[in-house]
>>> print(open('input-v5.csv').read())   # CSV, C-alpha atoms (C1' of nucleotides)
chain,number,residue,atom,x,y,z
A,19,MET,CA,5.5,8.4,-15.8
A,20,ILE,CA,6.6,4.9,-14.7
A,21,ALA,CA,4.0,4.6,-12.1
A,22,ASP,CA,3.4,1.0,-12.9
A,23,GLN,CA,3.5,0.0,-9.2
A,24,GLY,CA,0.4,1.8,-8.2
A,25,VAL,CA,-1.0,5.3,-8.3
A,26,ARG,CA,0.1,5.7,-4.7
A,27,ALA,CA,3.6,5.9,-6.2
A,28,THR,CA,2.8,9.6,-6.7
A,29,ALA,CA,3.2,10.3,-3.0
A,30,VAL,CA,5.4,13.2,-2.9
A,31,GLU,CA,8.1,12.3,-0.4
A,32,PRO,CA,8.8,8.7,-1.4
A,33,LEU,CA,8.8,9.8,-5.0
A,34,ALA,CA,11.3,12.6,-4.2
A,35,ARG,CA,13.5,10.1,-2.3
A,36,ARG,CA,13.4,7.7,-5.2
A,37,MET,CA,14.7,10.3,-7.5
A,38,GLY,CA,17.7,12.2,-6.1
A,39,ILE,CA,15.6,15.2,-5.0
A,40,THR,CA,13.7,16.5,-2.1
A,41,LYS,CA,10.2,17.8,-1.5
A,42,GLY,CA,11.3,21.4,-1.7
A,43,SER,CA,12.3,20.8,-5.3
A,44,PHE,CA,9.1,19.0,-6.1
A,45,TYR,CA,6.8,21.8,-4.8
A,46,TRP,CA,8.6,24.2,-7.1
A,47,HIS,CA,7.6,22.2,-10.2
A,48,PHE,CA,4.1,21.3,-9.0
A,49,ALA,CA,1.5,23.1,-7.0
A,50,ASN,CA,0.7,20.0,-5.1
A,51,ARG,CA,0.4,16.2,-5.3
A,52,GLU,CA,-3.0,16.5,-7.0
A,53,SER,CA,-1.5,18.6,-9.8
A,54,LEU,CA,1.2,16.0,-10.5
A,55,LEU,CA,-1.4,13.2,-10.8
A,56,ASP,CA,-3.6,15.4,-12.9
A,57,GLN,CA,-0.9,16.1,-15.4
A,58,ALA,CA,0.2,12.5,-15.5
A,59,LEU,CA,-3.3,11.3,-16.0
A,60,ARG,CA,-4.0,13.9,-18.7
A,61,ARG,CA,-0.9,12.8,-20.6
A,62,TRP,CA,-1.8,9.2,-20.3
A,63,GLU,CA,-5.3,9.7,-21.5
A,64,GLU,CA,-4.2,11.5,-24.6
A,65,HIS,CA,-1.6,8.9,-25.3
A,66,ASP,CA,-4.2,6.2,-24.9
A,67,SER,CA,-6.6,8.0,-27.1
A,68,ARG,CA,-4.1,8.4,-29.9
A,69,ASN,CA,-3.1,4.7,-29.5
A,70,LEU,CA,-6.7,3.6,-29.8
A,71,ASN,CA,-7.3,5.7,-32.9
A,72,MET,CA,-4.1,4.4,-34.5
A,73,ALA,CA,-4.9,0.8,-33.7
A,74,MET,CA,-8.4,1.0,-35.0
A,75,GLY,CA,-7.6,3.0,-38.0
A,76,ALA,CA,-4.9,0.8,-39.2
A,77,ILE,CA,-7.1,-2.2,-40.1
A,78,ASN,CA,-10.0,-1.8,-42.4
A,79,GLU,CA,-11.5,-5.3,-42.1
A,80,PRO,CA,-13.6,-5.1,-38.8
A,81,ARG,CA,-13.1,-8.8,-37.9
A,82,GLU,CA,-9.4,-8.5,-38.3
A,83,ARG,CA,-9.4,-5.3,-36.3
A,84,LEU,CA,-11.1,-7.0,-33.4
A,85,ILE,CA,-8.8,-10.0,-33.5
A,86,SER,CA,-5.7,-7.8,-33.5
A,87,LEU,CA,-7.1,-6.1,-30.4
A,88,PHE,CA,-7.4,-9.4,-28.6
A,89,ARG,CA,-3.9,-10.5,-29.7
A,90,ARG,CA,-2.6,-7.2,-28.4
A,91,VAL,CA,-3.3,-8.2,-24.8
A,92,GLY,CA,-0.4,-10.5,-24.8
A,93,ARG,CA,2.0,-7.9,-26.1
A,94,GLU,CA,3.0,-4.5,-24.8
A,95,ARG,CA,3.0,-5.7,-21.3
A,96,LEU,CA,4.0,-2.4,-19.8
A,97,THR,CA,1.0,-0.6,-21.3
A,98,HIS,CA,-1.4,-3.1,-19.8
A,99,ARG,CA,0.4,-3.0,-16.4
A,100,VAL,CA,0.0,0.7,-16.3
A,101,PHE,CA,-3.6,0.5,-17.2
A,102,SER,CA,-4.1,-2.3,-14.7
A,103,ALA,CA,-2.6,-0.1,-12.0
A,104,LEU,CA,-5.1,2.6,-12.9
A,105,CYS,CA,-8.0,0.2,-12.7
A,106,ALA,CA,-6.8,-0.8,-9.3
A,107,ALA,CA,-7.2,2.8,-8.3
A,108,ALA,CA,-10.7,3.2,-9.7
A,109,ASP,CA,-12.0,4.5,-6.4
A,110,HIS,CA,-9.6,7.4,-6.6
A,111,PRO,CA,-11.6,10.6,-7.4
A,112,GLN,CA,-9.1,11.8,-10.0
A,113,VAL,CA,-8.6,8.5,-11.6
A,114,GLU,CA,-12.2,7.4,-11.9
A,115,PRO,CA,-13.4,9.9,-14.5
A,116,VAL,CA,-10.4,9.2,-16.7
A,117,LEU,CA,-11.1,5.5,-16.6
A,118,GLU,CA,-14.7,6.2,-17.4
A,119,ARG,CA,-13.9,8.3,-20.4
A,120,VAL,CA,-11.4,5.8,-21.7
A,121,ALA,CA,-13.9,2.9,-21.2
A,122,GLN,CA,-16.5,4.8,-23.2
A,123,ARG,CA,-14.1,5.5,-26.0
A,124,ARG,CA,-12.8,2.0,-26.2
A,125,MET,CA,-16.2,0.4,-26.0
A,126,HIS,CA,-17.4,2.8,-28.7
A,127,HIS,CA,-14.7,1.7,-31.0
A,128,ILE,CA,-15.3,-1.9,-30.4
A,129,ALA,CA,-19.0,-1.5,-30.9
A,130,GLN,CA,-18.2,0.3,-34.1
A,131,ALA,CA,-16.4,-2.7,-35.4
A,132,PHE,CA,-19.3,-5.0,-34.5
A,133,SER,CA,-21.6,-2.6,-36.2
A,134,GLU,CA,-19.6,-2.9,-39.4
A,135,LEU,CA,-20.0,-6.6,-39.1
A,136,GLY,CA,-23.7,-6.1,-39.4
A,137,PHE,CA,-24.9,-6.2,-35.9
A,138,SER,CA,-27.6,-3.9,-34.6
A,139,PRO,CA,-26.6,-1.0,-32.4
A,140,GLU,CA,-27.9,-2.8,-29.3
A,141,GLN,CA,-26.2,-6.1,-30.2
A,142,SER,CA,-23.0,-4.2,-30.9
A,143,ALA,CA,-23.2,-2.4,-27.6
A,144,HIS,CA,-23.7,-5.6,-25.8
A,145,ARG,CA,-20.9,-7.4,-27.6
A,146,ALA,CA,-18.6,-4.4,-27.0
A,147,ARG,CA,-19.4,-4.4,-23.3
A,148,LEU,CA,-18.8,-8.1,-22.9
A,149,THR,CA,-15.5,-7.8,-24.8
A,150,TYR,CA,-14.3,-5.0,-22.7
A,151,THR,CA,-15.4,-6.6,-19.4
A,152,ALA,CA,-13.5,-9.7,-20.4
A,153,TYR,CA,-10.4,-7.6,-20.8
A,154,LEU,CA,-11.0,-5.8,-17.5
A,155,GLY,CA,-11.7,-9.0,-15.7
A,156,PHE,CA,-8.5,-10.6,-17.1
A,157,LEU,CA,-6.5,-7.7,-15.7
A,158,GLN,CA,-8.3,-8.0,-12.4
A,159,LEU,CA,-7.4,-11.7,-12.3
A,160,GLN,CA,-3.8,-10.9,-13.1
A,161,ARG,CA,-3.7,-8.5,-10.2
A,162,GLN,CA,-4.8,-11.3,-7.8
A,163,HIS,CA,-1.8,-13.4,-8.9
A,164,GLN,CA,1.5,-12.5,-7.6
A,165,ALA,CA,2.9,-15.4,-9.6
A,166,PRO,CA,3.2,-15.2,-13.4
A,167,HIS,CA,0.0,-17.3,-13.4
A,168,LEU,CA,-0.4,-18.6,-17.0
A,169,ASP,CA,2.3,-20.2,-19.1
A,170,SER,CA,2.4,-18.8,-22.6
A,171,ARG,CA,1.0,-21.9,-24.3
A,172,THR,CA,-2.2,-21.9,-22.1
A,173,PHE,CA,-2.4,-18.2,-22.5
A,174,GLU,CA,-2.3,-18.4,-26.3
A,175,ALA,CA,-5.0,-21.1,-26.2
A,176,TYR,CA,-7.1,-19.0,-24.0
A,177,ILE,CA,-6.9,-16.0,-26.2
A,178,GLU,CA,-7.9,-18.1,-29.2
A,179,HIS,CA,-10.8,-19.4,-27.3
A,180,VAL,CA,-11.9,-15.8,-26.4
A,181,ILE,CA,-11.7,-14.8,-30.0
A,182,ALA,CA,-13.7,-17.8,-31.1
A,183,THR,CA,-16.3,-17.1,-28.6
A,184,LEU,CA,-16.7,-13.3,-28.9
A,185,VAL,CA,-15.9,-12.7,-32.5
A,186,PRO,CA,-18.5,-14.3,-34.8
A,187,ALA,CA,-17.1,-16.4,-37.6
B,27,MET,CA,-18.8,-6.7,9.0
B,28,ILE,CA,-20.5,-4.2,6.7
B,29,ALA,CA,-17.3,-3.0,5.2
B,30,ASP,CA,-18.9,-2.4,1.8
B,31,GLN,CA,-17.3,1.0,1.4
B,32,GLY,CA,-13.8,-0.2,1.1
B,33,VAL,CA,-11.3,-2.3,2.9
B,34,ARG,CA,-9.7,0.9,4.3
B,35,ALA,CA,-12.9,1.1,6.4
B,36,THR,CA,-11.0,-1.1,8.8
B,37,ALA,CA,-8.8,1.7,9.9
B,38,VAL,CA,-8.9,1.6,13.6
B,39,GLU,CA,-9.6,5.1,14.7
B,40,PRO,CA,-12.3,6.1,12.2
B,41,LEU,CA,-14.0,2.8,12.7
B,42,ALA,CA,-13.9,3.3,16.5
B,43,ARG,CA,-15.4,6.8,16.0
B,44,ARG,CA,-18.1,5.4,13.8
B,45,MET,CA,-19.2,3.1,16.5
B,46,GLY,CA,-19.5,4.8,19.9
B,47,ILE,CA,-16.2,3.5,21.1
B,48,THR,CA,-12.5,4.4,21.3
B,49,LYS,CA,-9.2,2.8,20.3
B,50,GLY,CA,-8.5,1.6,23.8
B,51,SER,CA,-11.6,-0.6,23.6
B,52,PHE,CA,-10.7,-1.9,20.1
B,53,TYR,CA,-7.2,-3.0,21.1
B,54,TRP,CA,-8.7,-5.0,23.9
B,55,HIS,CA,-10.7,-7.1,21.4
B,56,PHE,CA,-8.2,-7.3,18.7
B,57,ALA,CA,-4.4,-7.6,18.8
B,58,ASN,CA,-4.1,-5.1,15.9
B,59,ARG,CA,-5.7,-3.9,12.8
B,60,GLU,CA,-4.3,-6.8,10.8
B,61,SER,CA,-6.0,-9.2,13.1
B,62,LEU,CA,-9.4,-7.6,12.6
B,63,LEU,CA,-9.1,-7.7,8.8
B,64,ASP,CA,-7.9,-11.3,9.0
B,65,GLN,CA,-10.9,-12.4,11.0
B,66,ALA,CA,-13.3,-10.5,8.8
B,67,LEU,CA,-11.8,-12.0,5.7
B,68,ARG,CA,-11.8,-15.5,7.1
B,69,ARG,CA,-15.5,-15.2,8.0
B,70,TRP,CA,-16.3,-13.8,4.6
B,71,GLU,CA,-14.4,-16.5,2.7
B,72,GLU,CA,-16.1,-19.3,4.6
B,73,HIS,CA,-19.5,-17.6,4.0
B,74,ASP,CA,-18.7,-17.3,0.3
B,75,SER,CA,-17.6,-20.9,0.1
B,76,ARG,CA,-20.8,-22.2,1.7
B,77,ASN,CA,-22.8,-19.9,-0.6
B,78,LEU,CA,-21.1,-21.3,-3.6
B,79,ASN,CA,-21.6,-24.9,-2.6
B,80,MET,CA,-25.3,-24.3,-1.9
B,81,ALA,CA,-25.8,-22.4,-5.2
B,82,MET,CA,-24.1,-25.1,-7.2
B,83,GLY,CA,-25.5,-28.0,-5.4
B,84,ALA,CA,-29.1,-26.8,-5.6
B,85,ILE,CA,-29.5,-27.3,-9.4
B,86,ASN,CA,-28.7,-30.6,-11.1
B,87,GLU,CA,-28.9,-29.5,-14.7
B,88,PRO,CA,-25.6,-27.9,-15.5
B,89,ARG,CA,-27.0,-25.5,-18.0
B,90,GLU,CA,-29.6,-24.2,-15.7
B,91,ARG,CA,-27.0,-24.0,-13.0
B,92,LEU,CA,-24.8,-21.7,-15.0
B,93,ILE,CA,-27.8,-19.5,-16.1
B,94,SER,CA,-28.9,-19.1,-12.6
B,95,LEU,CA,-25.4,-18.0,-11.7
B,96,PHE,CA,-25.6,-15.2,-14.4
B,97,ARG,CA,-29.0,-14.1,-13.2
B,98,ARG,CA,-27.7,-13.9,-9.7
B,99,VAL,CA,-25.5,-10.9,-10.7
B,100,GLY,CA,-28.5,-8.6,-10.8
B,101,ARG,CA,-29.8,-9.7,-7.4
B,102,GLU,CA,-28.2,-9.7,-4.0
B,103,ARG,CA,-26.6,-6.4,-4.6
B,104,LEU,CA,-25.0,-6.1,-1.2
B,105,THR,CA,-23.1,-9.3,-1.7
B,106,HIS,CA,-21.7,-8.2,-5.0
B,107,ARG,CA,-20.8,-4.8,-3.6
B,108,VAL,CA,-18.8,-6.4,-0.8
B,109,PHE,CA,-17.0,-8.6,-3.2
B,110,SER,CA,-16.4,-5.6,-5.5
B,111,ALA,CA,-14.9,-3.7,-2.6
B,112,LEU,CA,-12.5,-6.6,-2.0
B,113,CYS,CA,-11.6,-6.7,-5.7
B,114,ALA,CA,-10.7,-3.1,-5.5
B,115,ALA,CA,-8.2,-3.9,-2.8
B,116,ALA,CA,-6.6,-6.8,-4.7
B,117,ASP,CA,-3.2,-5.2,-4.1
B,118,HIS,CA,-3.6,-5.6,-0.3
B,119,PRO,CA,-1.4,-8.4,0.9
B,120,GLN,CA,-4.1,-9.9,3.2
B,121,VAL,CA,-6.9,-9.6,0.6
B,122,GLU,CA,-5.0,-10.9,-2.4
B,123,PRO,CA,-4.7,-14.6,-1.3
B,124,VAL,CA,-8.3,-14.7,-0.3
B,125,LEU,CA,-9.4,-13.4,-3.7
B,126,GLU,CA,-7.1,-15.9,-5.3
B,127,ARG,CA,-8.6,-18.9,-3.4
B,128,VAL,CA,-12.1,-17.7,-4.0
B,129,ALA,CA,-11.4,-17.3,-7.7
B,130,GLN,CA,-10.0,-20.8,-7.9
B,131,ARG,CA,-13.0,-22.3,-6.2
B,132,ARG,CA,-15.5,-20.4,-8.3
B,133,MET,CA,-13.8,-21.1,-11.6
B,134,HIS,CA,-13.5,-24.7,-10.6
B,135,HIS,CA,-17.2,-25.0,-10.0
B,136,ILE,CA,-18.0,-23.2,-13.3
B,137,ALA,CA,-15.6,-25.4,-15.1
B,138,GLN,CA,-17.3,-28.4,-13.5
B,139,ALA,CA,-20.6,-27.3,-15.0
B,140,PHE,CA,-19.1,-27.0,-18.4
B,141,SER,CA,-17.5,-30.3,-18.0
B,142,GLU,CA,-20.9,-31.9,-17.3
B,143,LEU,CA,-22.1,-30.3,-20.6
B,144,GLY,CA,-19.6,-32.4,-22.4
B,145,PHE,CA,-16.6,-30.0,-22.8
B,146,SER,CA,-13.1,-31.2,-22.5
B,147,PRO,CA,-11.1,-30.1,-19.4
B,148,GLU,CA,-9.2,-27.5,-21.4
B,149,GLN,CA,-12.4,-26.1,-23.0
B,150,SER,CA,-14.1,-26.1,-19.6
B,151,ALA,CA,-11.2,-24.2,-18.0
B,152,HIS,CA,-11.2,-21.6,-20.8
B,153,ARG,CA,-15.0,-21.1,-20.7
B,154,ALA,CA,-14.9,-20.9,-16.9
B,155,ARG,CA,-12.1,-18.3,-17.0
B,156,LEU,CA,-13.9,-16.2,-19.6
B,157,THR,CA,-17.1,-16.4,-17.6
B,158,TYR,CA,-15.5,-15.4,-14.4
B,159,THR,CA,-13.5,-12.5,-16.0
B,160,ALA,CA,-16.7,-11.3,-17.6
B,161,TYR,CA,-18.1,-11.1,-14.0
B,162,LEU,CA,-15.0,-9.4,-12.6
B,163,GLY,CA,-14.9,-7.0,-15.5
B,164,PHE,CA,-18.5,-6.1,-15.0
B,165,LEU,CA,-17.8,-5.3,-11.4
B,166,GLN,CA,-14.8,-3.2,-12.4
B,167,LEU,CA,-16.9,-1.3,-14.8
B,168,GLN,CA,-19.4,-0.6,-12.1
B,169,ARG,CA,-16.7,0.7,-9.8
B,170,GLN,CA,-15.8,3.3,-12.5
B,171,HIS,CA,-19.3,4.6,-12.5
B,172,GLN,CA,-20.5,6.7,-9.6
B,173,ALA,CA,-23.8,6.9,-11.4
B,174,PRO,CA,-26.2,3.9,-11.4
B,175,HIS,CA,-25.0,3.4,-15.0
B,176,LEU,CA,-27.4,0.9,-16.6
B,177,ASP,CA,-31.2,1.0,-16.5
B,178,SER,CA,-32.6,-2.3,-15.6
B,179,ARG,CA,-34.1,-3.0,-19.0
B,180,THR,CA,-30.7,-2.6,-20.7
B,181,PHE,CA,-29.1,-4.6,-17.9
B,182,GLU,CA,-31.5,-7.5,-18.3
B,183,ALA,CA,-30.9,-7.5,-22.1
B,184,TYR,CA,-27.2,-7.5,-21.5
B,185,ILE,CA,-27.4,-10.4,-19.1
B,186,GLU,CA,-29.4,-12.4,-21.6
B,187,HIS,CA,-26.8,-11.6,-24.3
B,188,VAL,CA,-24.0,-12.8,-22.0
B,189,ILE,CA,-25.9,-16.0,-21.3
B,190,ALA,CA,-26.5,-16.6,-25.0
B,191,THR,CA,-22.9,-16.0,-25.8
B,192,LEU,CA,-21.2,-17.9,-23.0
B,193,VAL,CA,-23.6,-20.7,-22.4
B,194,PRO,CA,-23.9,-23.0,-25.4
B,195,ALA,CA,-27.4,-23.8,-26.5
C,30,DA,C1',29.4,44.3,-11.4
C,31,DC,C1',24.6,44.0,-10.1
C,32,DC,C1',20.2,42.2,-9.9
C,33,DA,C1',16.6,39.0,-10.9
C,34,DT,C1',15.1,34.5,-11.9
C,35,DT,C1',15.6,29.7,-11.7
C,36,DC,C1',16.1,25.5,-9.3
C,37,DC,C1',16.9,23.0,-5.2
C,38,DA,C1',17.9,21.9,0.0
C,39,DT,C1',17.0,22.3,5.0
C,40,DA,C1',13.9,22.9,8.4
C,41,DC,C1',9.5,23.4,10.3
C,42,DG,C1',4.4,22.8,11.5
C,43,DC,C1',0.4,20.1,10.9
C,44,DC,C1',-2.5,16.1,10.8
C,45,DA,C1',-4.0,11.3,10.6
C,46,DC,C1',-3.4,7.0,12.2
C,47,DA,C1',-1.1,2.8,14.6
C,48,DG,C1',0.0,1.0,18.8
C,49,DT,C1',1.0,1.3,24.1
C,50,DA,C1',0.4,2.5,29.0
C,51,DT,C1',-2.4,3.2,32.5
C,52,DG,C1',-6.4,3.7,35.3
C,53,DG,C1',-11.1,3.1,36.5
C,54,DA,C1',-15.8,1.4,36.7
C,55,DA,C1',-18.8,-2.5,36.6
C,56,DA,C1',-19.5,-7.3,37.1
C,57,DA,C1',-18.4,-11.7,38.7
C,58,DG,C1',-16.1,-15.0,41.6
C,59,DT,C1',-15.0,-16.7,46.6
D,9,DA,C1',-16.8,-7.6,51.9
D,10,DC,C1',-12.7,-8.3,49.2
D,11,DT,C1',-10.5,-9.5,45.1
D,12,DT,C1',-10.1,-10.6,40.3
D,13,DT,C1',-11.6,-10.3,35.8
D,14,DT,C1',-13.8,-7.8,32.1
D,15,DC,C1',-14.4,-4.0,29.3
D,16,DC,C1',-13.6,0.6,28.0
D,17,DA,C1',-11.6,5.6,28.2
D,18,DT,C1',-7.8,8.9,28.5
D,19,DA,C1',-3.5,10.1,27.3
D,20,DC,C1',0.8,9.3,25.4
D,21,DT,C1',4.6,8.1,21.8
D,22,DG,C1',5.9,7.3,17.2
D,23,DT,C1',5.7,7.4,12.2
D,24,DG,C1',4.7,9.0,7.7
D,25,DG,C1',3.1,12.0,4.6
D,26,DC,C1',1.4,16.9,2.9
D,27,DG,C1',2.4,21.5,2.5
D,28,DT,C1',5.1,26.0,3.7
D,29,DA,C1',8.9,29.1,4.8
D,30,DT,C1',13.2,30.4,4.0
D,31,DG,C1',17.8,30.6,2.2
D,32,DG,C1',21.4,29.6,-1.0
D,33,DA,C1',23.7,28.6,-5.3
D,34,DA,C1',23.8,28.9,-10.2
D,35,DT,C1',22.4,31.1,-14.3
D,36,DG,C1',21.3,34.8,-17.3
D,37,DG,C1',20.1,39.4,-18.5
D,38,DT,C1',21.6,44.5,-18.6
>>> encode(input="input-v5.csv", output="structure tokens")
Amino acid sequence: MIADQGVRATAVEPLARRMGITKGSFYWHFANRESLLDQALRRWEEHDSRNLNMAMGAINEPRERLISLFRRVGRERLTHRVFSALCAAADHPQVEPVLERVAQRRMHHIAQAFSELGFSPEQSAHRARLTYTAYLGFLQLQRQHQAPHLDSRTFEAYIEHVIATLVPA
Amino acid sequence: MIADQGVRATAVEPLARRMGITKGSFYWHFANRESLLDQALRRWEEHDSRNLNMAMGAINEPRERLISLFRRVGRERLTHRVFSALCAAADHPQVEPVLERVAQRRMHHIAQAFSELGFSPEQSAHRARLTYTAYLGFLQLQRQHQAPHLDSRTFEAYIEHVIATLVPA
DNA sequence: ACCATTCCATACGCCACAGTATGGAAAAGT
DNA sequence: ACTTTTCCATACTGTGGCGTATGGAATGGT
């Protein structure tokens, strides 16, 4: 489940080499490569779904809920790297529907928070979409940097700017 | 140069098949696969750079310049699809530096426009980054949809919302 | 003790693609 | 007319990954 360096890490033979085992062993546990990816993705999607519900259910005040979401981008690096790796494989037929469902769920929750702030359904949908695309775009931008890209001070400032811009006072 | 269905379309043999030719012919024109991709990327980057300068130089008023940029997302579909395909291959060692340079150039121009609107260098950089990530995220979101996703009316409304949010009145 | 099931290794066939070697036809130079 | 250069095809090697076949050791049930 540590496929943070790309979905192609689920290639059977390299993966088998990396662990101490061989292909023969692998094909006893899984029907094929597709099956492994399928199970991994299913587990990840469930985990992500639970995470989302917990994060959104923990805070009642919608404004604070949104802000905590933005702040979360800086923390839990591994989580975001895994997700980013999946985004990089959006063209993969098995990955694409997962990303699609996850995006729908996340945007729905974000839109819900905006709704509670008094925005119309259309306004909320637009704001949720813009918020989520800003997140996706940020990850995309990170993928293009091999270097660590932003020092933490600039990063913090940027996050604050995003909050100020996207979350109405 | 119509590699809009993925960078992996530059695989030698399939590409040769798709045209009427064979590998033997290909390897006379190019040293190897890497060379082809390199030339294609170089051409694209130059073309993109020119395009950017033209688009930004055509309009004096910085606010109108930014707005026209947003509106451009709906038009010139092919251009965006090509760029989106490149973004999907951001992990590719030859593509990554190109995307990085292009991102720097584009964000620099956007930041320039915000500067002209009276924002500080830091503010302009943040706004440019957010603007560009919104664009990247939008493309990412498109990649996750096989379906055409947004009807044009909703799309127009969304673009207007983004303009209203990111470009100060 | 015997047998079946579990888990893993070795070995094989298959395919897709990268890159090379070689030859041959057409065009161009002299 | 002869040779060279240009452009392309056929055929080969090599590599890497997917999936299968088969056997063997350990474990557990009876």
>>> residues_around(input="input-v5.csv", residues="DT35 of chain C", least_positions_apart="6", cutoff="12 Å", atoms="only C-alpha atoms (C1' of nucleotides)", output="ChimeraX atom specification")
/A:43,46-47 /D:33-36
>>> write_last_selection(input="input-v5.csv", atoms="C-alpha atoms (C1' of nucleotides)", output="short mmCIF file (atom, residue, chain, number, x, y, z; two decimals), in the frame of the given file")
data_model
loop_
_atom_site.label_atom_id
_atom_site.label_comp_id
_atom_site.auth_asym_id
_atom_site.auth_seq_id
_atom_site.Cartn_x
_atom_site.Cartn_y
_atom_site.Cartn_z
CA SER A 43 12.30 20.80 -5.30
CA TRP A 46 8.60 24.20 -7.10
CA HIS A 47 7.60 22.20 -10.20
"C1'" DA D 33 23.70 28.60 -5.30
"C1'" DA D 34 23.80 28.90 -10.20
"C1'" DT D 35 22.40 31.10 -14.30
"C1'" DG D 36 21.30 34.80 -17.30
#
>>> interface_residues(input="input-v5.csv", of="chain B", to="chain D", cutoff="12 Å", atoms="all atoms listed in the file", output="number ranges by chain")
B: 42, 46-55
>>> atom_distance(input="input-v5.csv", atom1="atom CA of Glu182 of chain B", atom2="atom CA of Phe96 of chain B")
10.5 Å
>>> atom_distance(input="input-v5.csv", atom1="atom CA of His135 of chain B", atom2="atom CA of Gln164 of chain A")
22.6 Å
>>> atom_distance(input="input-v5.csv", atom1="atom CA of Phe164 of chain B", atom2="atom CA of Arg107 of chain B")
11.7 Å
>>> interface_residues(input="input-v5.csv", of="chain B", to="chain A", cutoff="7 Å", atoms="only C-alpha atoms", output="mmCIF file with C-alpha atoms, in the coordinates of the input")
data_model
loop_
_atom_site.group_PDB
_atom_site.id
_atom_site.type_symbol
_atom_site.label_atom_id
_atom_site.label_comp_id
_atom_site.auth_asym_id
_atom_site.auth_seq_id
_atom_site.Cartn_x
_atom_site.Cartn_y
_atom_site.Cartn_z
ATOM 1 C CA ALA B 114 -10.700 -3.100 -5.500
ATOM 2 C CA ALA B 116 -6.600 -6.800 -4.700
ATOM 3 C CA ASP B 117 -3.200 -5.200 -4.100
ATOM 4 C CA GLU B 122 -5.000 -10.900 -2.400
ATOM 5 C CA LEU B 125 -9.400 -13.400 -3.700
ATOM 6 C CA GLU B 126 -7.100 -15.900 -5.300
ATOM 7 C CA HIS B 152 -11.200 -21.600 -20.800
ATOM 8 C CA LEU B 156 -13.900 -16.200 -19.600
ATOM 9 C CA THR B 159 -13.500 -12.500 -16.000
ATOM 10 C CA ALA B 160 -16.700 -11.300 -17.600
ATOM 11 C CA TYR B 161 -18.100 -11.100 -14.000
ATOM 12 C CA LEU B 162 -15.000 -9.400 -12.600
ATOM 13 C CA GLY B 163 -14.900 -7.000 -15.500
ATOM 14 C CA PHE B 164 -18.500 -6.100 -15.000
ATOM 15 C CA GLN B 166 -14.800 -3.200 -12.400
ATOM 16 C CA ARG B 169 -16.700 0.700 -9.800
ATOM 17 C CA GLN B 170 -15.800 3.300 -12.500
ATOM 18 C CA HIS B 171 -19.300 4.600 -12.500
ATOM 19 C CA TYR B 184 -27.200 -7.500 -21.500
ATOM 20 C CA HIS B 187 -26.800 -11.600 -24.300
#
>>> residues_around(input="input-v5.csv", residues="Asp64 of chain B", least_positions_apart="3", cutoff="12 Å", atoms="all atoms listed in the file", output="list of chain:residue names")
B:Met27, B:Val33, B:Thr36, B:Phe56, B:Ala57, B:Asn58, B:Arg59, B:Glu60, B:Ser61, B:Leu67, B:Arg68, B:Arg69, B:Trp70, B:Glu71, B:His118, B:Pro119, B:Gln120, B:Val121, B:Glu122, B:Pro123, B:Val124
>>> write_last_selection(input="input-v5.csv", atoms="C-alpha atoms", output="PDB file, in the coordinates of the input")
ATOM      1  CA  MET B  27     -18.800  -6.700   9.000  1.00  0.00           C
ATOM      2  CA  VAL B  33     -11.300  -2.300   2.900  1.00  0.00           C
ATOM      3  CA  THR B  36     -11.000  -1.100   8.800  1.00  0.00           C
ATOM      4  CA  PHE B  56      -8.200  -7.300  18.700  1.00  0.00           C
ATOM      5  CA  ALA B  57      -4.400  -7.600  18.800  1.00  0.00           C
ATOM      6  CA  ASN B  58      -4.100  -5.100  15.900  1.00  0.00           C
ATOM      7  CA  ARG B  59      -5.700  -3.900  12.800  1.00  0.00           C
ATOM      8  CA  GLU B  60      -4.300  -6.800  10.800  1.00  0.00           C
ATOM      9  CA  SER B  61      -6.000  -9.200  13.100  1.00  0.00           C
ATOM     10  CA  LEU B  67     -11.800 -12.000   5.700  1.00  0.00           C
ATOM     11  CA  ARG B  68     -11.800 -15.500   7.100  1.00  0.00           C
ATOM     12  CA  ARG B  69     -15.500 -15.200   8.000  1.00  0.00           C
ATOM     13  CA  TRP B  70     -16.300 -13.800   4.600  1.00  0.00           C
ATOM     14  CA  GLU B  71     -14.400 -16.500   2.700  1.00  0.00           C
ATOM     15  CA  HIS B 118      -3.600  -5.600  -0.300  1.00  0.00           C
ATOM     16  CA  PRO B 119      -1.400  -8.400   0.900  1.00  0.00           C
ATOM     17  CA  GLN B 120      -4.100  -9.900   3.200  1.00  0.00           C
ATOM     18  CA  VAL B 121      -6.900  -9.600   0.600  1.00  0.00           C
ATOM     19  CA  GLU B 122      -5.000 -10.900  -2.400  1.00  0.00           C
ATOM     20  CA  PRO B 123      -4.700 -14.600  -1.300  1.00  0.00           C
ATOM     21  CA  VAL B 124      -8.300 -14.700  -0.300  1.00  0.00           C
TER      22      VAL B 124
END
>>> interface_residues(input="input-v5.csv", of="chain C", to="chain A", cutoff="10 Å", atoms="all atoms listed in the file", output="list in words")
DC36, DC37, DA38 and DT39 of chain C
>>> closest_residue(input="input-v5.csv", among="B:Leu41, B:Gln65, B:Ala137, B:Asp74", to="Arg89 of chain B", atoms="only C-alpha atoms")
B:Ala137
